[in-house]
Every structure is written in structure tokens, then in C-alpha cells.
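> input_22.pdb (PDB, C-alpha atoms) pasted underneath:
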```
ATOM      1  CA  MET A 140      -1.527-172.022-107.891  1.00  0.00           C
ATOM      2  CA  ASN A 141      -0.123-170.573-104.674  1.00  0.00           C
ATOM      3  CA  ASP A 142       0.162-171.590-101.024  1.00  0.00           C
ATOM      4  CA  SER A 143      -2.806-169.455 -99.951  1.00  0.00           C
ATOM      5  CA  PRO A 144      -6.087-171.191 -99.074  1.00  0.00           C
ATOM      6  CA  GLU A 145      -8.860-170.910-101.614  1.00  0.00           C
ATOM      7  CA  VAL A 146     -11.834-168.759-100.687  1.00  0.00           C
ATOM      8  CA  SER A 147     -15.077-170.537-101.514  1.00  0.00           C
ATOM      9  CA  GLY A 148     -18.381-168.876-102.329  1.00  0.00           C
ATOM     10  CA  ALA A 149     -19.310-166.023-104.597  1.00  0.00           C
ATOM     11  CA  ALA A 150     -21.076-162.693-104.349  1.00  0.00           C
ATOM     12  CA  LEU A 151     -24.519-162.803-105.874  1.00  0.00           C
ATOM     13  CA  PRO A 152     -25.718-159.933-108.114  1.00  0.00           C
ATOM     14  CA  GLY A 153     -29.267-158.946-107.218  1.00  0.00           C
ATOM     15  CA  TYR A 154     -28.908-160.078-103.593  1.00  0.00           C
ATOM     16  CA  PRO A 155     -30.219-157.399-101.192  1.00  0.00           C
ATOM     17  CA  GLU A 156     -26.781-156.558 -99.773  1.00  0.00           C
ATOM     18  CA  PRO A 157     -24.139-154.697-101.855  1.00  0.00           C
ATOM     19  CA  LEU A 158     -21.537-156.925-103.505  1.00  0.00           C
ATOM     20  CA  TRP A 159     -18.688-155.629-101.380  1.00  0.00           C
ATOM     21  CA  ILE A 160     -20.591-156.471 -98.173  1.00  0.00           C
ATOM     22  CA  GLN A 161     -21.232-159.962 -99.512  1.00  0.00           C
ATOM     23  CA  ALA A 162     -17.493-160.279-100.196  1.00  0.00           C
ATOM     24  CA  VAL A 163     -16.764-159.173 -96.613  1.00  0.00           C
ATOM     25  CA  GLN A 164     -19.157-161.837 -95.334  1.00  0.00           C
ATOM     26  CA  VAL A 165     -17.590-164.584 -97.480  1.00  0.00           C
ATOM     27  CA  ILE A 166     -14.049-163.759 -96.355  1.00  0.00           C
ATOM     28  CA  GLN A 167     -15.129-163.359 -92.735  1.00  0.00           C
ATOM     29  CA  GLY A 168     -16.925-166.708 -92.940  1.00  0.00           C
ATOM     30  CA  GLU A 169     -13.723-168.414 -94.105  1.00  0.00           C
ATOM     31  CA  ILE A 170     -11.872-166.880 -91.161  1.00  0.00           C
ATOM     32  CA  ASP A 171     -14.597-167.994 -88.731  1.00  0.00           C
ATOM     33  CA  ARG A 172     -14.435-171.556 -90.079  1.00  0.00           C
ATOM     34  CA  GLY A 173     -10.659-171.676 -89.824  1.00  0.00           C
ATOM     35  CA  VAL A 174     -10.047-171.943 -93.577  1.00  0.00           C
ATOM     36  CA  LEU A 175      -8.107-168.676 -93.310  1.00  0.00           C
ATOM     37  CA  GLN A 176      -5.915-168.829 -90.211  1.00  0.00           C
ATOM     38  CA  PRO A 177      -4.627-165.889 -88.119  1.00  0.00           C
ATOM     39  CA  GLY A 178      -1.379-164.718 -89.680  1.00  0.00           C
ATOM     40  CA  GLY A 179      -2.184-166.495 -92.958  1.00  0.00           C
ATOM     41  CA  ARG A 180      -2.126-164.821 -96.362  1.00  0.00           C
ATOM     42  CA  LEU A 181      -5.223-164.425 -98.511  1.00  0.00           C
ATOM     43  CA  PRO A 182      -5.124-165.560-102.142  1.00  0.00           C
ATOM     44  CA  PRO A 183      -3.921-162.902-104.641  1.00  0.00           C
ATOM     45  CA  GLU A 184      -6.457-160.231-105.551  1.00  0.00           C
ATOM     46  CA  ARG A 185      -6.855-161.534-109.099  1.00  0.00           C
ATOM     47  CA  GLN A 186      -7.699-164.992-107.772  1.00  0.00           C
ATOM     48  CA  LEU A 187     -10.116-163.555-105.200  1.00  0.00           C
ATOM     49  CA  CYS A 188     -11.909-161.549-107.892  1.00  0.00           C
ATOM     50  CA  LEU A 189     -12.386-164.701-109.961  1.00  0.00           C
ATOM     51  CA  GLN A 190     -13.499-166.812-106.999  1.00  0.00           C
ATOM     52  CA  LEU A 191     -15.953-164.177-105.740  1.00  0.00           C
ATOM     53  CA  GLY A 192     -17.100-162.980-109.159  1.00  0.00           C
ATOM     54  CA  ILE A 193     -16.481-159.296-108.412  1.00  0.00           C
ATOM     55  CA  SER A 194     -14.327-156.468-109.744  1.00  0.00           C
ATOM     56  CA  ARG A 195     -11.036-155.412-108.165  1.00  0.00           C
ATOM     57  CA  VAL A 196     -12.595-152.096-107.073  1.00  0.00           C
ATOM     58  CA  THR A 197     -15.345-153.979-105.210  1.00  0.00           C
ATOM     59  CA  LEU A 198     -12.812-156.391-103.706  1.00  0.00           C
ATOM     60  CA  ARG A 199     -10.600-153.523-102.496  1.00  0.00           C
ATOM     61  CA  LYS A 200     -13.573-151.919-100.744  1.00  0.00           C
ATOM     62  CA  ALA A 201     -14.296-155.201 -98.949  1.00  0.00           C
ATOM     63  CA  LEU A 202     -10.661-155.760 -97.995  1.00  0.00           C
ATOM     64  CA  ASN A 203     -10.203-152.204 -96.708  1.00  0.00           C
ATOM     65  CA  SER A 204     -13.385-152.568 -94.644  1.00  0.00           C
ATOM     66  CA  LEU A 205     -11.906-155.690 -93.037  1.00  0.00           C
ATOM     67  CA  VAL A 206      -8.661-153.799 -92.376  1.00  0.00           C
ATOM     68  CA  GLU A 207     -10.589-151.003 -90.633  1.00  0.00           C
ATOM     69  CA  ALA A 208     -12.378-153.621 -88.542  1.00  0.00           C
ATOM     70  CA  GLY A 209      -9.059-155.146 -87.462  1.00  0.00           C
ATOM     71  CA  VAL A 210      -9.677-158.428 -89.287  1.00  0.00           C
ATOM     72  CA  LEU A 211      -6.987-158.098 -91.991  1.00  0.00           C
ATOM     73  CA  ASN A 212      -3.560-156.490 -92.243  1.00  0.00           C
ATOM     74  CA  PRO A 213      -2.222-155.218 -95.599  1.00  0.00           C
ATOM     75  CA  SER A 214       1.406-155.815 -96.565  1.00  0.00           C
ATOM     76  CA  HIS A 215       2.640-153.610 -99.397  1.00  0.00           C
ATOM     77  CA  GLY A 216       3.721-155.718-102.340  1.00  0.00           C
ATOM     78  CA  ARG A 217       2.969-158.983-100.532  1.00  0.00           C
ATOM     79  CA  GLY A 218      -0.810-159.093-100.191  1.00  0.00           C
ATOM     80  CA  TRP A 219      -3.365-159.269 -97.408  1.00  0.00           C
ATOM     81  CA  TYR A 220      -2.964-161.192 -94.156  1.00  0.00           C
ATOM     82  CA  VAL A 221      -5.433-162.302 -91.502  1.00  0.00           C
ATOM     83  CA  ALA A 222      -4.763-160.394 -88.281  1.00  0.00           C
ATOM     84  CA  ARG A 223      -3.438-162.609 -85.498  1.00  0.00           C
ATOM     85  CA  SER A 224      -6.225-161.388 -83.220  1.00  0.00           C
ATOM     86  CA  ALA A 225      -8.921-160.993 -85.868  1.00  0.00           C
ATOM     87  CA  ARG A 226     -12.220-159.662 -84.577  1.00  0.00           C
ATOM     88  CA  LYS A 227     -15.233-161.551 -85.837  1.00  0.00           C
ATOM     89  CA  LYS A 228     -17.889-159.529 -87.596  1.00  0.00           C
ATOM     90  CA  GLU A 229     -20.889-160.774 -85.732  1.00  0.00           C
ATOM     91  CA  TRP A 230     -23.576-159.337 -83.545  1.00  0.00           C
ATOM     92  CA  PRO A 231     -22.367-159.374 -79.949  1.00  0.00           C
ATOM     93  CA  ASN A 232     -23.402-161.322 -76.916  1.00  0.00           C
ATOM     94  CA  THR A 233     -22.449-158.278 -74.869  1.00  0.00           C
ATOM     95  CA  LEU A 234     -24.711-155.267 -74.488  1.00  0.00           C
ATOM     96  CA  GLU A 235     -23.901-152.642 -77.098  1.00  0.00           C
ATOM     97  CA  SER A 236     -25.938-150.310 -79.257  1.00  0.00           C
ATOM     98  CA  PHE A 237     -26.643-150.784 -82.959  1.00  0.00           C
ATOM     99  CA  SER A 238     -24.290-147.859 -83.688  1.00  0.00           C
ATOM    100  CA  GLU A 239     -21.517-149.391 -81.572  1.00  0.00           C
ATOM    101  CA  THR A 240     -21.925-152.748 -83.305  1.00  0.00           C
ATOM    102  CA  ALA A 241     -21.808-151.064 -86.722  1.00  0.00           C
ATOM    103  CA  ALA A 242     -18.616-149.187 -85.791  1.00  0.00           C
ATOM    104  CA  ARG A 243     -16.993-152.414 -84.603  1.00  0.00           C
ATOM    105  CA  MET A 244     -17.939-154.071 -87.893  1.00  0.00           C
ATOM    106  CA  GLY A 245     -16.590-151.169 -89.947  1.00  0.00           C
ATOM    107  CA  LEU A 246     -20.015-150.370 -91.402  1.00  0.00           C
ATOM    108  CA  THR A 247     -22.051-147.173 -91.577  1.00  0.00           C
ATOM    109  CA  PRO A 248     -25.322-147.173 -89.588  1.00  0.00           C
ATOM    110  CA  HIS A 249     -28.377-145.119 -90.423  1.00  0.00           C
ATOM    111  CA  SER A 250     -31.975-145.033 -89.244  1.00  0.00           C
ATOM    112  CA  LYS A 251     -35.266-144.186 -90.855  1.00  0.00           C
ATOM    113  CA  VAL A 252     -37.474-142.810 -88.088  1.00  0.00           C
ATOM    114  CA  LEU A 253     -41.076-143.990 -88.393  1.00  0.00           C
ATOM    115  CA  ARG A 254     -42.334-142.698 -85.058  1.00  0.00           C
ATOM    116  CA  ALA A 255     -40.950-140.495 -82.288  1.00  0.00           C
ATOM    117  CA  GLU A 256     -43.719-139.479 -79.927  1.00  0.00           C
ATOM    118  CA  THR A 257     -44.849-139.541 -76.294  1.00  0.00           C
ATOM    119  CA  SER A 258     -48.016-141.284 -75.114  1.00  0.00           C
ATOM    120  CA  PRO A 259     -49.270-142.923 -71.877  1.00  0.00           C
ATOM    121  CA  ALA A 260     -47.894-146.305 -70.823  1.00  0.00           C
ATOM    122  CA  THR A 261     -50.291-149.225 -71.148  1.00  0.00           C
ATOM    123  CA  ILE A 262     -50.806-151.629 -68.250  1.00  0.00           C
ATOM    124  CA  ASP A 263     -48.446-154.179 -69.819  1.00  0.00           C
ATOM    125  CA  GLU A 264     -45.765-151.557 -70.496  1.00  0.00           C
ATOM    126  CA  ALA A 265     -46.106-150.183 -66.973  1.00  0.00           C
ATOM    127  CA  GLU A 266     -45.580-153.677 -65.568  1.00  0.00           C
ATOM    128  CA  GLN A 267     -42.461-154.222 -67.673  1.00  0.00           C
ATOM    129  CA  LEU A 268     -40.973-150.875 -66.652  1.00  0.00           C
ATOM    130  CA  ALA A 269     -42.140-150.942 -63.022  1.00  0.00           C
ATOM    131  CA  ILE A 270     -44.015-147.652 -63.409  1.00  0.00           C
ATOM    132  CA  ALA A 271     -47.609-146.523 -63.029  1.00  0.00           C
ATOM    133  CA  PRO A 272     -49.980-147.004 -65.973  1.00  0.00           C
ATOM    134  CA  GLY A 273     -50.393-143.732 -67.829  1.00  0.00           C
ATOM    135  CA  THR A 274     -46.814-142.589 -67.198  1.00  0.00           C
ATOM    136  CA  PRO A 275     -45.590-140.694 -70.310  1.00  0.00           C
ATOM    137  CA  LEU A 276     -43.506-142.994 -72.505  1.00  0.00           C
ATOM    138  CA  PHE A 277     -41.366-141.903 -75.426  1.00  0.00           C
ATOM    139  CA  ARG A 278     -41.900-144.296 -78.333  1.00  0.00           C
ATOM    140  CA  LEU A 279     -39.141-144.491 -80.917  1.00  0.00           C
ATOM    141  CA  GLU A 280     -39.688-146.709 -83.946  1.00  0.00           C
ATOM    142  CA  ARG A 281     -36.900-146.962 -86.497  1.00  0.00           C
ATOM    143  CA  VAL A 282     -35.794-148.998 -89.482  1.00  0.00           C
ATOM    144  CA  ARG A 283     -32.124-149.758 -88.762  1.00  0.00           C
ATOM    145  CA  LEU A 284     -29.848-149.858 -91.799  1.00  0.00           C
ATOM    146  CA  LEU A 285     -26.217-150.784 -92.474  1.00  0.00           C
ATOM    147  CA  GLU A 286     -24.699-149.326 -95.635  1.00  0.00           C
ATOM    148  CA  GLY A 287     -28.240-148.568 -96.813  1.00  0.00           C
ATOM    149  CA  VAL A 288     -29.476-152.149 -96.301  1.00  0.00           C
ATOM    150  CA  ALA A 289     -32.475-152.560 -93.964  1.00  0.00           C
ATOM    151  CA  ILE A 290     -31.491-154.887 -91.115  1.00  0.00           C
ATOM    152  CA  ALA A 291     -34.150-154.476 -88.440  1.00  0.00           C
ATOM    153  CA  LEU A 292     -37.377-152.792 -87.383  1.00  0.00           C
ATOM    154  CA  ASP A 293     -36.851-151.444 -83.851  1.00  0.00           C
ATOM    155  CA  LEU A 294     -39.528-150.160 -81.458  1.00  0.00           C
ATOM    156  CA  THR A 295     -38.160-148.834 -78.147  1.00  0.00           C
ATOM    157  CA  ARG A 296     -40.184-147.377 -75.252  1.00  0.00           C
ATOM    158  CA  LEU A 297     -38.740-145.453 -72.302  1.00  0.00           C
ATOM    159  CA  ARG A 298     -39.938-143.006 -69.681  1.00  0.00           C
ATOM    160  CA  GLN A 299     -40.006-139.574 -71.240  1.00  0.00           C
ATOM    161  CA  ALA A 300     -38.681-138.128 -67.962  1.00  0.00           C
ATOM    162  CA  LEU A 301     -35.308-139.843 -68.472  1.00  0.00           C
ATOM    163  CA  VAL A 302     -34.480-137.351 -71.257  1.00  0.00           C
ATOM    164  CA  PRO A 303     -37.021-134.512 -70.964  1.00  0.00           C
ATOM    165  CA  ASP A 304     -36.336-132.983 -74.419  1.00  0.00           C
ATOM    166  CA  ILE A 305     -36.029-136.305 -76.229  1.00  0.00           C
ATOM    167  CA  GLU A 306     -38.898-135.608 -78.655  1.00  0.00           C
ATOM    168  CA  ARG A 307     -36.907-132.746 -80.198  1.00  0.00           C
ATOM    169  CA  LEU A 308     -33.913-134.949 -81.062  1.00  0.00           C
ATOM    170  CA  ASP A 309     -33.262-136.405 -84.508  1.00  0.00           C
ATOM    171  CA  PHE A 310     -32.549-140.142 -84.303  1.00  0.00           C
ATOM    172  CA  GLN A 311     -31.775-140.676 -87.978  1.00  0.00           C
ATOM    173  CA  GLU A 312     -28.059-140.565 -87.129  1.00  0.00           C
ATOM    174  CA  ARG A 313     -28.125-140.206 -83.326  1.00  0.00           C
ATOM    175  CA  SER A 314     -27.571-143.210 -81.059  1.00  0.00           C
ATOM    176  CA  LEU A 315     -30.192-143.734 -78.351  1.00  0.00           C
ATOM    177  CA  TYR A 316     -27.552-145.256 -76.055  1.00  0.00           C
ATOM    178  CA  ALA A 317     -25.305-142.200 -76.490  1.00  0.00           C
ATOM    179  CA  THR A 318     -28.288-139.932 -75.823  1.00  0.00           C
ATOM    180  CA  LEU A 319     -29.097-141.764 -72.602  1.00  0.00           C
ATOM    181  CA  SER A 320     -25.456-141.740 -71.545  1.00  0.00           C
ATOM    182  CA  ALA A 321     -25.285-137.965 -72.040  1.00  0.00           C
ATOM    183  CA  ALA A 322     -28.296-137.691 -69.716  1.00  0.00           C
ATOM    184  CA  GLY A 323     -26.556-139.821 -67.082  1.00  0.00           C
ATOM    185  CA  VAL A 324     -28.568-142.954 -67.823  1.00  0.00           C
ATOM    186  CA  GLU A 325     -26.437-146.078 -68.384  1.00  0.00           C
ATOM    187  CA  PRO A 326     -27.909-149.488 -69.236  1.00  0.00           C
ATOM    188  CA  VAL A 327     -25.676-152.215 -67.818  1.00  0.00           C
ATOM    189  CA  ARG A 328     -27.666-155.358 -68.624  1.00  0.00           C
ATOM    190  CA  ALA A 329     -30.545-156.463 -70.823  1.00  0.00           C
ATOM    191  CA  ASP A 330     -32.846-159.424 -70.333  1.00  0.00           C
ATOM    192  CA  SER A 331     -33.629-160.722 -73.800  1.00  0.00           C
ATOM    193  CA  THR A 332     -35.678-163.354 -75.558  1.00  0.00           C
ATOM    194  CA  ILE A 333     -35.287-164.250 -79.226  1.00  0.00           C
ATOM    195  CA  GLU A 334     -37.754-166.217 -81.306  1.00  0.00           C
ATOM    196  CA  ALA A 335     -38.202-167.010 -84.971  1.00  0.00           C
ATOM    197  CA  THR A 336     -41.495-166.035 -86.544  1.00  0.00           C
ATOM    198  CA  LYS A 337     -43.014-164.813 -89.807  1.00  0.00           C
ATOM    199  CA  ALA A 338     -42.882-161.230 -90.986  1.00  0.00           C
ATOM    200  CA  GLY A 339     -46.145-159.327 -90.781  1.00  0.00           C
ATOM    201  CA  GLU A 340     -47.099-156.766 -93.401  1.00  0.00           C
ATOM    202  CA  ARG A 341     -45.490-153.835 -91.561  1.00  0.00           C
ATOM    203  CA  ALA A 342     -42.160-155.562 -90.983  1.00  0.00           C
ATOM    204  CA  ALA A 343     -42.157-156.920 -94.536  1.00  0.00           C
ATOM    205  CA  GLU A 344     -42.761-153.454 -95.962  1.00  0.00           C
ATOM    206  CA  HIS A 345     -39.894-151.832 -94.093  1.00  0.00           C
ATOM    207  CA  LEU A 346     -37.383-154.692 -94.324  1.00  0.00           C
ATOM    208  CA  ASP A 347     -37.874-155.404 -98.044  1.00  0.00           C
ATOM    209  CA  LEU A 348     -39.345-158.832 -97.311  1.00  0.00           C
ATOM    210  CA  ALA A 349     -42.445-160.683 -98.391  1.00  0.00           C
ATOM    211  CA  PRO A 350     -45.141-161.212 -95.753  1.00  0.00           C
ATOM    212  CA  GLY A 351     -44.438-164.570 -94.133  1.00  0.00           C
ATOM    213  CA  ASP A 352     -40.674-164.423 -94.675  1.00  0.00           C
ATOM    214  CA  PRO A 353     -38.668-165.414 -91.586  1.00  0.00           C
ATOM    215  CA  VAL A 354     -37.737-162.782 -89.012  1.00  0.00           C
ATOM    216  CA  LEU A 355     -36.007-163.044 -85.656  1.00  0.00           C
ATOM    217  CA  VAL A 356     -37.754-161.069 -82.936  1.00  0.00           C
ATOM    218  CA  MET A 357     -35.695-159.897 -79.974  1.00  0.00           C
ATOM    219  CA  ARG A 358     -37.555-158.538 -76.948  1.00  0.00           C
ATOM    220  CA  GLN A 359     -35.360-156.736 -74.445  1.00  0.00           C
ATOM    221  CA  VAL A 360     -35.714-155.059 -71.085  1.00  0.00           C
ATOM    222  CA  ALA A 361     -32.648-152.902 -70.430  1.00  0.00           C
ATOM    223  CA  LEU A 362     -31.675-152.440 -66.795  1.00  0.00           C
ATOM    224  CA  GLY A 363     -29.633-149.814 -64.970  1.00  0.00           C
ATOM    225  CA  ALA A 364     -26.982-150.192 -62.274  1.00  0.00           C
ATOM    226  CA  GLN A 365     -29.621-150.671 -59.565  1.00  0.00           C
ATOM    227  CA  GLN A 366     -31.398-153.267 -61.739  1.00  0.00           C
ATOM    228  CA  GLU A 367     -34.155-150.760 -62.478  1.00  0.00           C
ATOM    229  CA  PRO A 368     -35.879-151.120 -65.888  1.00  0.00           C
ATOM    230  CA  LEU A 369     -34.841-148.299 -68.223  1.00  0.00           C
ATOM    231  CA  PHE A 370     -36.480-149.175 -71.522  1.00  0.00           C
ATOM    232  CA  VAL A 371     -38.084-152.011 -73.425  1.00  0.00           C
ATOM    233  CA  SER A 372     -37.426-152.841 -77.075  1.00  0.00           C
ATOM    234  CA  THR A 373     -38.959-155.100 -79.670  1.00  0.00           C
ATOM    235  CA  ILE A 374     -36.572-155.579 -82.595  1.00  0.00           C
ATOM    236  CA  GLN A 375     -37.493-157.570 -85.691  1.00  0.00           C
ATOM    237  CA  TYR A 376     -34.435-158.664 -87.690  1.00  0.00           C
ATOM    238  CA  ALA A 377     -34.581-159.877 -91.273  1.00  0.00           C
ATOM    239  CA  GLY A 378     -33.853-163.581 -90.854  1.00  0.00           C
ATOM    240  CA  ASP A 379     -31.082-163.700 -93.478  1.00  0.00           C
ATOM    241  CA  ARG A 380     -29.254-160.618 -92.165  1.00  0.00           C
ATOM    242  CA  TYR A 381     -28.747-161.375 -88.475  1.00  0.00           C
ATOM    243  CA  ARG A 382     -26.606-163.853 -86.576  1.00  0.00           C
ATOM    244  CA  LEU A 383     -26.029-163.963 -82.828  1.00  0.00           C
ATOM    245  CA  ARG A 384     -23.151-165.913 -81.341  1.00  0.00           C
ATOM    246  CA  THR A 385     -23.400-167.011 -77.718  1.00  0.00           C
ATOM    247  CA  SER A 386     -21.868-169.651 -75.448  1.00  0.00           C
ATOM    248  CA  PHE A 387     -23.186-172.078 -72.863  1.00  0.00           C
ATOM    249  CA  ALA A 388     -21.360-173.497 -69.852  1.00  0.00           C
ATOM    250  CA  ARG A 389     -22.198-176.813 -68.250  1.00  0.00           C
ATOM    251  CA  SER A 390     -22.650-176.435 -64.503  1.00  0.00           C
TER     252      SER A 390
END
```
Written as C-alpha cells, that's how I'd like the structure from this file.

Amino acid sequence: MNDSPEVSGAALPGYPEPLWIQAVQVIQGEIDRGVLQPGGRLPPERQLCLQLGISRVTLRKALNSLVEAGVLNPSHGRGWYVARSARKKEWPNTLESFSETAARMGLTPHSKVLRAETSPATIDEAEQLAIAPGTPLFRLERVRLLEGVAIALDLTRLRQALVPDIERLDFQERSLYATLSAAGVEPVRADSTIEATKAGERAAEHLDLAPGDPVLVMRQVALGAQQEPLFVSTIQYAGDRYRLRTSFARS
């Protein structure tokens, strides 16, 4: 026995996420709950492997990922320590792209593009974007993945005129936010609503769920510096793979 806190929980073989990602989530969860304090030392690797039920190779991958994310600090010959200003691996309550969030979390993003085409705006879409019905809209539908695990089904619509050659771009690796920024278009705020619902057949198919499984649906209108609508998104997150932290102030 040593003076390091014990890490509870275990990685589960067969769970949709790779074992090393599960180990990252367990360790991060202990930091979030205060079991592992900033500046504190993690249990020895051998003990962690036993507690998490994983190999040392898998554990090292998880620990190095947390180091890259600024959550842990390695100390040669002494072990692994929680950074004194550890960043929490959660989805933000600030406006950032999926790619930016993935980079902050130390994970590799990827997209499977299901649709990338231009068609006229419907009346409802025109109202949301403050444009005339029939205005050409670029529709980008993607399955968003982290380390090969499907996280969300994302449908985004924006005026094709914002990036005239946008249909020729490959969004499997490219960030839409970076593409807009390169064209001089910068979203500064997004009005969002989030609700829990059941996965339909399309979402279930692309997120490796069963129809009726829980999903969180985020609907966003992204706004520019002059509060002009830039694009609208409907993002369906697998209910067990998404967490949003926010705060409320009493006025």
C-alpha cells in the first residue's frame, strides 16, 4: 500500500470506446471529483493496471494522452502527478469547433462525410439565417469521430456565398471553422438548445446505436461580430459519449 489515492472503476472490454480512452476517462473522472488532487501522485503503474484491468502498454497510452492534454506531469523514476492547473477533458461551454475541442482533449478527430452539396434554402432555414427563401445553402452532413469512435451526427447549413468554392473541399479532415476563418468569416457566439430524445434509424445507424437509444440533440445558430446569422447546425450526440459542463449565476 502507498500514500497515493486509489483509482476506482475499470475499463470494460467490448465497450464502444477503446480501452485506453476508457482509462483516460476514469482517471480524469477521479481528478474532476477531487479524489486525485492537483500536485498529487497517481498510484504506481502496476497498481493502476490491476485497478483498471488493462495492460501497461494501454495504461501508458492513456497516461501520455493526459500529459499531452496538460492534465498530468511525468516525473522520471517517481511516477505520474496531477498538474497543478489540470485542464478538464470535457466539452466546452465556450464556442469552439469539434477539431479544437479534440485537440484540447489530446484526441484525434476525423469525419465521415455523408453529404456535401448546395440546394435552395427552405422557408424555415431562410428565417433562421435571415435570408431569402431559395438562397443557395451548402449542406454538410458528417459523422464526427474521436479516435475512430463515432461521437455525433452533424448537419450544418450555411450560405454557399460565404465560401464560394466550398463544395470542392474535403471535410473528412478539414475543420469547417478553420475554413470559414480563412475566408474571413468568424463566428463569435452561438445560440444553442439541447434536448434529450431517442435515436432515429439514421442516427442509430451512423452512431452505432439501437433505434430508440438516448441521444442529445444540440441545435445551434452561429452568429458573427455584427450578430448576423452565419450557419445553423443540428448535432445529435450519442447519449453516453457527450457531457457538457456549464454554470449558472443567481441574479
> When the PyMOL selection byres ((chain A and resi 279) around 10) is applied to the file above, which residues end up in the set, as a PyMOL selection string?
chain A and resi 252-257+276-278+280-281+293-297+305-306+310+315+372
> Expand the PyMOL selection byres ((chain A and resi 333-347) around 8) into the explicit residue set it covers here, and present it as a PyMOL selection string.
chain A and resi 282+289-292+331-332+348-358+375+377
> Padding 8 Å on every side, please: axis-aligned box over the listed atoms of stretch 250-254 of chain A, centre and edge lengths to one decimal in Å, as lines of an AutoDock Vina configuration file.

```
center_x = -37.2
center_y = -143.9
center_z = -88.0
size_x = 26.4
size_y = 18.3
size_z = 21.8
```
> Which of these, A:Arg283, A:Ile166, A:Leu301, A:Val174, has the shortest distance to A:Pro368 once you count all atoms listed in the file?
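Among the listed residues, the smallest separation from A:Pro368 belongs to A:Leu301.
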> Calculate how many Å separate atom CA of A:Leu158 from atom CA of A:Ile193, rounding to one decimal.
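One can read the atom CA of A:Leu158 to atom CA of A:Ile193 distance as 7.4 Å.
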> Which distance in Å separates atom CA of A:Leu362 and atom CA of A:Leu246, to one decimal?
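Straight-line distance from atom CA of A:Leu362 to atom CA of A:Leu246 works out to 27.3 Å.
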> Could you check which of A:Trp219, A:Trp159, A:Phe237, A:Phe370 is closest to A:Arg298, using only C-alpha atoms?
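For A:Arg298, the nearest of the given residues is A:Phe370.
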> Figure out the distance between atom CA of A:Tyr220 and atom CA of A:Gln176, please, to one decimal in Å.
9.1 Å
> Report as a list in words the full result of the PyMOL selection byres ((chain A and resi 363) around 7) when it is applied to this structure.
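Given this file, the PyMOL selection byres ((chain A and resi 363) around 7) evaluates to Glu325, Pro326, Val327, Arg328, Ala361, Leu362, Ala364, Gln365, Gln366, Glu367, Pro368 and Leu369 of chain A.
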> My list of candidates is A:Ala162, A:Met244, A:Leu175, A:Val206. Which is closest to A:Ser194 when distances are computed with all atoms listed in the file?
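Looking at the shortest contact to A:Ser194, the residue is A:Ala162.
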> How would you write as a list in words the residues that get within 7 Å of (-13.9, -155.8, -90.1) in the file's frame, counting all atoms listed in the file?
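All residues meeting the 7 Å criterion around (-13.9, -155.8, -90.1) are Ser204, Leu205, Val206, Glu207, Ala208, Gly209, Val210, Arg226, Lys228, Met244 and Gly245 of chain A.
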> Got a sec: who's within 9 Å of A:Val302, counting all atoms listed in the file, leaving out chain neighbours fewer than 6 positions off, as a list in words?
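Within the cut-off, the hits are Thr318, Leu319, Ala322 and Val324 of chain A.
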> Quick one: everything within 8 Å of A:Gln311, counting all atoms listed in the file, minus sequence neighbours fewer than 5 positions away in the same chain. Send it as a ChimeraX atom specification.
/A:249-252
> Would you mind completing stretch 170-181 of chain A to N, CA, C and O atoms and writing the output as a PDB file, keeping the file's coordinate frame?

```pdb
ATOM      1  N   ILE A 170     -12.682-167.071 -92.369  1.00  0.00           N
ATOM      2  CA  ILE A 170     -11.872-166.880 -91.161  1.00  0.00           C
ATOM      3  C   ILE A 170     -12.547-167.565 -89.969  1.00  0.00           C
ATOM      4  O   ILE A 170     -11.904-168.252 -89.180  1.00  0.00           O
ATOM      5  N   ASP A 171     -13.867-167.384 -89.840  1.00  0.00           N
ATOM      6  CA  ASP A 171     -14.597-167.994 -88.731  1.00  0.00           C
ATOM      7  C   ASP A 171     -14.482-169.512 -88.745  1.00  0.00           C
ATOM      8  O   ASP A 171     -14.418-170.158 -87.702  1.00  0.00           O
ATOM      9  N   ARG A 172     -14.486-170.097 -89.958  1.00  0.00           N
ATOM     10  CA  ARG A 172     -14.435-171.556 -90.079  1.00  0.00           C
ATOM     11  C   ARG A 172     -13.017-172.103 -89.997  1.00  0.00           C
ATOM     12  O   ARG A 172     -12.818-173.318 -90.014  1.00  0.00           O
ATOM     13  N   GLY A 173     -12.032-171.221 -89.937  1.00  0.00           N
ATOM     14  CA  GLY A 173     -10.659-171.676 -89.824  1.00  0.00           C
ATOM     15  C   GLY A 173      -9.989-171.985 -91.140  1.00  0.00           C
ATOM     16  O   GLY A 173      -8.845-172.464 -91.160  1.00  0.00           O
ATOM     17  N   VAL A 174     -10.680-171.736 -92.270  1.00  0.00           N
ATOM     18  CA  VAL A 174     -10.047-171.943 -93.577  1.00  0.00           C
ATOM     19  C   VAL A 174      -8.903-170.949 -93.749  1.00  0.00           C
ATOM     20  O   VAL A 174      -7.825-171.288 -94.255  1.00  0.00           O
ATOM     21  N   LEU A 175      -9.139-169.707 -93.328  1.00  0.00           N
ATOM     22  CA  LEU A 175      -8.107-168.676 -93.310  1.00  0.00           C
ATOM     23  C   LEU A 175      -7.660-168.499 -91.863  1.00  0.00           C
ATOM     24  O   LEU A 175      -8.449-168.072 -91.020  1.00  0.00           O
ATOM     25  N   GLN A 176      -6.413-168.822 -91.580  1.00  0.00           N
ATOM     26  CA  GLN A 176      -5.915-168.829 -90.211  1.00  0.00           C
ATOM     27  C   GLN A 176      -5.295-167.476 -89.850  1.00  0.00           C
ATOM     28  O   GLN A 176      -4.771-166.775 -90.717  1.00  0.00           O
ATOM     29  N   PRO A 177      -5.319-167.104 -88.553  1.00  0.00           N
ATOM     30  CA  PRO A 177      -4.627-165.889 -88.119  1.00  0.00           C
ATOM     31  C   PRO A 177      -3.175-165.904 -88.560  1.00  0.00           C
ATOM     32  O   PRO A 177      -2.463-166.905 -88.384  1.00  0.00           O
ATOM     33  N   GLY A 178      -2.740-164.807 -89.173  1.00  0.00           N
ATOM     34  CA  GLY A 178      -1.379-164.718 -89.680  1.00  0.00           C
ATOM     35  C   GLY A 178      -1.228-165.248 -91.096  1.00  0.00           C
ATOM     36  O   GLY A 178      -0.174-165.045 -91.726  1.00  0.00           O
ATOM     37  N   GLY A 179      -2.257-165.934 -91.610  1.00  0.00           N
ATOM     38  CA  GLY A 179      -2.184-166.495 -92.958  1.00  0.00           C
ATOM     39  C   GLY A 179      -2.461-165.462 -94.035  1.00  0.00           C
ATOM     40  O   GLY A 179      -3.113-164.448 -93.797  1.00  0.00           O
ATOM     41  N   ARG A 180      -1.961-165.743 -95.234  1.00  0.00           N
ATOM     42  CA  ARG A 180      -2.126-164.821 -96.362  1.00  0.00           C
ATOM     43  C   ARG A 180      -3.348-165.200 -97.194  1.00  0.00           C
ATOM     44  O   ARG A 180      -3.603-166.381 -97.448  1.00  0.00           O
ATOM     45  N   LEU A 181      -4.092-164.195 -97.617  1.00  0.00           N
ATOM     46  CA  LEU A 181      -5.223-164.425 -98.511  1.00  0.00           C
ATOM     47  C   LEU A 181      -4.703-164.728 -99.913  1.00  0.00           C
ATOM     48  O   LEU A 181      -3.571-164.367-100.264  1.00  0.00           O
TER      49      LEU A 181
END
```
